[in-house]
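Report on the following structure.
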Amino acid sequence: MAFGARLAAAMDQHGPLCVGIDPHPGLLAAWGMEDTARSLVDFGDAVLEASAGECAAVKPNAAFFERHGSAGVAALEHVLGRARELGILTVLDAKRGDIGSTMQGYAESYLRPGAPLEADSLTVSPYLGFGSLKPALDLAQEHGKGIFVLALTSNPEGPEVQHAIAPDGRAVAAVVAEEAAALNNGASPMGDVGLVVGATVGDAVQRLGIDLDRVNGPLLSPGVGAQGAGPAELSLVFGNARGRVLVNQSRGVLQAGPTVEKLREAVIEASSAAKSILR
Ligand SMILES: O=C(O)c1cc(=O)[nH]c(=O)n1[C@@H]1O[C@H](COP(=O)(O)O)[C@@H](O)[C@H]1O
């Protein structure tokens with residue numbers, strides 16, 4: 001089944017929350033864990049157990065695993081595999097982007113069924129040109145996987161690139177959104193090409209003339225919780241596209257650990273808050 005359909009079904013069943021699996025060194029310390037690759041496995045297992053059945057997806061961030069070299073990458077492999085066993089969709093947050101032929105390598109690494117680091121979807125960066133993403137977009141479509149393209153990121157530095165005006169007068173983020181819309185055109189219930197739009201971007205969507213509803217794909221929104229955004233910000237950013245928003249929370253939930261019980265309470269709270277805003 002196509003990724004857009006699988007994600008829509010998961011969102012219908014479990015709500016719009018995506019739980020980030022971001023084992024920051026500070027969180028490991030707060031959880032009473034050593035900063036080792038072994039801890040990443042335990043951390044990931046705890047988050048998955050706490051999240052099962054209460055979120056549409058989980059988003060492991062590769063950065064916090066790669067810190068530990070090959071053992072950390074093995075821990076990431078474990079987390080992705082365990083999520084698959086539990087039937088939880090994965091967004092691998094690796095923000096990859098390169099020239100097309102190298103992009104093919106990244107696509108094979110994360111989207112090819114049977115690859116050690118296989119995920120259901122991948123975050124990618126379009127700043128080598130949207131067309132450079134084609135190998136990943138093609139492989140994703142072939143195998144029912146999804147792609148989340150950075151459009152308006154949650155960090156304060158994003159606008160210097162994303163709000164810049166392209167030669168044809170459109171903002172860079174608007175170009176990215178329109179490319180995604182073209183690929184998702186006609187898909188039902190939604191397409192496989194998502195955008196990343198931070199909940200912290202204020203009125204940028206309107207100001208840049210972006211029609212998120214027309215994108216017809218999932219909208220991954222980080223920025224809620226630790227980065228300061230809440231219900232009012234989500235409503236402002238997404239308006240009538242809110243039904244396709246997958247709202248990510250990492251630290252906001254993870255700080256409730258280390259017990260699975262407390263984590264689960266935090267997941268349920270974040271999930272019901274997200275449901276009440278986005279439904
Ligand atoms: O692609 C992402 O997930 C992402 C894009 C973005 O614009 N901003 C952003 O914070 N993220 C990621 O979302 C997560 C946010 O974490 P918290 O701020 O702890 O909820 C981190 O894994 C970030 O790398």
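A note on labels: chains of the structure tokens are A, B, ... as shown, every chain counts residues from 1, and ligands are counted from 1 in their shown order.
The protein and nucleic acid residues lying at most 10 Å from Leu150 (chain A) are Lys95, Thr123, Val124, Ser125, Pro126, Tyr127, Ile147, Phe148, Leu152, Thr153, Ser154, Gly158, Gln162, Ala173, Val176, Ala177, Gly194, Leu195, Val196, Val197, Gly198 and Leu220 of chain A, with only C-alpha atoms considered and sequence neighbours fewer than 2 positions away removed.
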Near Asn248 (chain A), within 7 Å and counting only C-alpha atoms, which residues show up once chain neighbours fewer than 2 positions away are dropped, as a count of residues only?
10
How would you write, as a PyMOL selection string, the set of residues in region 37-189 of chain A that DSSP gives as strand (DSSP E or B)?
chain A and resi 57-61+89-96+121-124+146-152+165+171
Helix (DSSP H, G or I) residues, from DSSP on the backbone, in region 58-195 of chain A, as an MDAnalysis selection string
chainID A and resid 62:66 69:86 100:111 130:143 159:162 172:184
A:Glu34, A:Glu85, A:Asp211, A:Glu157: which is nearest ligand 1, counting only C-alpha atoms and all ligand atoms?
A:Glu157
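For the residues A:Ser121, A:Thr102, A:Ser188, A:Thr200, ranking by smallest atom-to-atom distance to Ala8 (chain A) using only C-alpha atoms places A:Ser188 first.
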Residues near region 253-260 of chain A, anyone? I mean within 6 Å using only C-alpha atoms, not counting same-chain ones fewer than 4 positions away, as a VMD selection string.
chain A and resid 31 46 50 264 266
Residue with smallest distance to Asp120 (chain A) - pool A:Phe3, A:Arg170, A:Leu234, A:Gly26, counting only C-alpha atoms
A:Phe3
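Using only C-alpha atoms, the residues found no farther than 10 Å from Phe238 (chain A), other than those of its own chain fewer than 5 positions away, are Val197, Gly198, Ala199, Gly202, Asp203, Val205, Gln206, Asp211, Leu212, Asp213, Leu219, Ser221, Glu233, Gly243, Arg244, Val245 and Leu278 of chain A.
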Could you write out that same residue set with C-alpha atoms as an mmCIF file, in the first residue's frame?
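Final output, out_4.cif:
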data_model
loop_
_atom_site.group_PDB
_atom_site.id
_atom_site.type_symbol
_atom_site.label_atom_id
_atom_site.label_comp_id
_atom_site.auth_asym_id
_atom_site.auth_seq_id
_atom_site.Cartn_x
_atom_site.Cartn_y
_atom_site.Cartn_z
ATOM 1 C CA VAL A 197 6.745 22.765 8.100
ATOM 2 C CA GLY A 198 7.687 23.857 11.597
ATOM 3 C CA ALA A 199 4.970 24.916 14.012
ATOM 4 C CA GLY A 202 4.274 32.060 12.271
ATOM 5 C CA ASP A 203 2.479 33.511 9.256
ATOM 6 C CA VAL A 205 2.868 30.124 4.921
ATOM 7 C CA GLN A 206 0.391 32.908 4.137
ATOM 8 C CA ASP A 211 -1.266 26.653 -0.286
ATOM 9 C CA LEU A 212 -0.622 23.746 2.087
ATOM 10 C CA ASP A 213 -4.006 22.217 1.384
ATOM 11 C CA LEU A 219 2.823 17.820 6.789
ATOM 12 C CA SER A 221 5.468 19.639 12.003
ATOM 13 C CA GLU A 233 0.861 28.293 16.624
ATOM 14 C CA GLY A 243 -6.141 17.315 8.901
ATOM 15 C CA ARG A 244 -2.876 16.214 7.265
ATOM 16 C CA VAL A 245 -0.519 17.422 9.990
ATOM 17 C CA LEU A 278 -5.886 19.136 14.514
#
Leaving out region 129-144 of chain A and any residue of its chain fewer than 4 positions from it, which residues lie within 12 Å of it when counting only C-alpha atoms, given as an mmCIF file with C-alpha atoms, in the first residue's frame?
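Full text of result32.cif as output:
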data_model
loop_
_atom_site.group_PDB
_atom_site.id
_atom_site.type_symbol
_atom_site.label_atom_id
_atom_site.label_comp_id
_atom_site.auth_asym_id
_atom_site.auth_seq_id
_atom_site.Cartn_x
_atom_site.Cartn_y
_atom_site.Cartn_z
ATOM 1 C CA MET A 1 0.000 0.000 0.000
ATOM 2 C CA ALA A 2 1.193 3.549 -0.697
ATOM 3 C CA PHE A 3 2.801 5.456 2.172
ATOM 4 C CA GLY A 4 0.248 8.289 2.095
ATOM 5 C CA ALA A 5 -2.569 5.776 2.532
ATOM 6 C CA ARG A 6 -0.723 3.887 5.275
ATOM 7 C CA LEU A 7 -0.005 7.087 7.180
ATOM 8 C CA LEU A 89 5.428 3.629 11.028
ATOM 9 C CA LYS A 95 17.730 15.096 6.253
ATOM 10 C CA ARG A 96 19.655 13.700 3.321
ATOM 11 C CA GLY A 97 20.324 15.617 0.121
ATOM 12 C CA ASP A 98 22.983 15.244 -2.575
ATOM 13 C CA ILE A 99 23.519 15.169 -6.327
ATOM 14 C CA GLY A 100 21.149 12.718 -7.975
ATOM 15 C CA SER A 101 23.539 9.758 -8.356
ATOM 16 C CA THR A 102 24.579 9.964 -4.703
ATOM 17 C CA MET A 103 20.974 10.515 -3.664
ATOM 18 C CA GLN A 104 20.338 7.108 -5.199
ATOM 19 C CA GLY A 105 22.755 5.683 -2.616
ATOM 20 C CA TYR A 106 20.878 7.323 0.249
ATOM 21 C CA ALA A 107 17.572 6.108 -1.167
ATOM 22 C CA GLU A 108 18.895 2.534 -1.344
ATOM 23 C CA SER A 109 20.136 2.842 2.248
ATOM 24 C CA TYR A 110 16.847 3.849 3.826
ATOM 25 C CA LEU A 111 13.982 3.075 1.449
ATOM 26 C CA ARG A 112 14.899 -0.230 -0.232
ATOM 27 C CA PRO A 113 12.932 -3.089 1.361
ATOM 28 C CA GLY A 114 15.340 -5.370 3.194
ATOM 29 C CA GLU A 118 14.976 0.399 6.060
ATOM 30 C CA ALA A 119 12.392 2.946 7.233
ATOM 31 C CA ASP A 120 8.866 3.769 6.075
ATOM 32 C CA SER A 121 9.876 7.312 5.206
ATOM 33 C CA LEU A 122 12.844 9.662 5.177
ATOM 34 C CA THR A 123 13.408 13.385 5.704
ATOM 35 C CA VAL A 124 15.328 14.997 2.820
ATOM 36 C CA SER A 125 16.788 18.397 2.036
ATOM 37 C CA PHE A 148 9.362 14.444 3.836
ATOM 38 C CA VAL A 149 10.973 17.416 2.106
ATOM 39 C CA LEU A 150 12.179 20.346 4.222
ATOM 40 C CA ALA A 151 10.069 23.365 3.255
ATOM 41 C CA ALA A 166 13.680 32.565 -6.808
ATOM 42 C CA VAL A 172 12.028 28.942 -2.360
ATOM 43 C CA ALA A 173 9.622 27.287 0.096
ATOM 44 C CA ALA A 174 6.725 27.925 -2.299
ATOM 45 C CA VAL A 175 8.659 26.210 -5.107
ATOM 46 C CA VAL A 176 9.252 23.192 -2.848
ATOM 47 C CA ALA A 177 5.549 23.083 -1.915
ATOM 48 C CA GLU A 178 4.448 23.295 -5.542
ATOM 49 C CA GLU A 179 6.822 20.503 -6.616
ATOM 50 C CA ALA A 180 5.363 18.289 -3.880
ATOM 51 C CA LEU A 183 3.728 14.807 -7.380
ATOM 52 C CA ASN A 184 0.765 14.275 -5.039
ATOM 53 C CA GLY A 191 0.118 11.505 -1.591
ATOM 54 C CA ASP A 192 3.463 10.118 -0.468
ATOM 55 C CA VAL A 193 5.488 13.315 -0.710
ATOM 56 C CA GLY A 194 5.263 15.240 2.533
#
Of A:Leu27, A:Ala115, A:Val237, A:Leu208, the one sitting nearest ligand 1 when using only C-alpha atoms and all ligand atoms is A:Leu27
How many Å separate CA of Ala37 (chain A) from CA of Phe65 (chain A)?
7.5 Å
I'd like to know which of A:Gly72, A:Gly87, A:Pro60, A:Gly230 is closest to ligand 1, using only C-alpha atoms and all ligand atoms.
A:Pro60
Rank nothing, just name the residue among A:Ser51, A:Asn155, A:Ser271, A:Ser235 nearest to ligand 1, using only C-alpha atoms and all ligand atoms.
A:Asn155
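Take atom 17 (P, counted along the ligand's line) of ligand 1 and CA of Gly225 (chain A): the distance between them is 6.8 Å.
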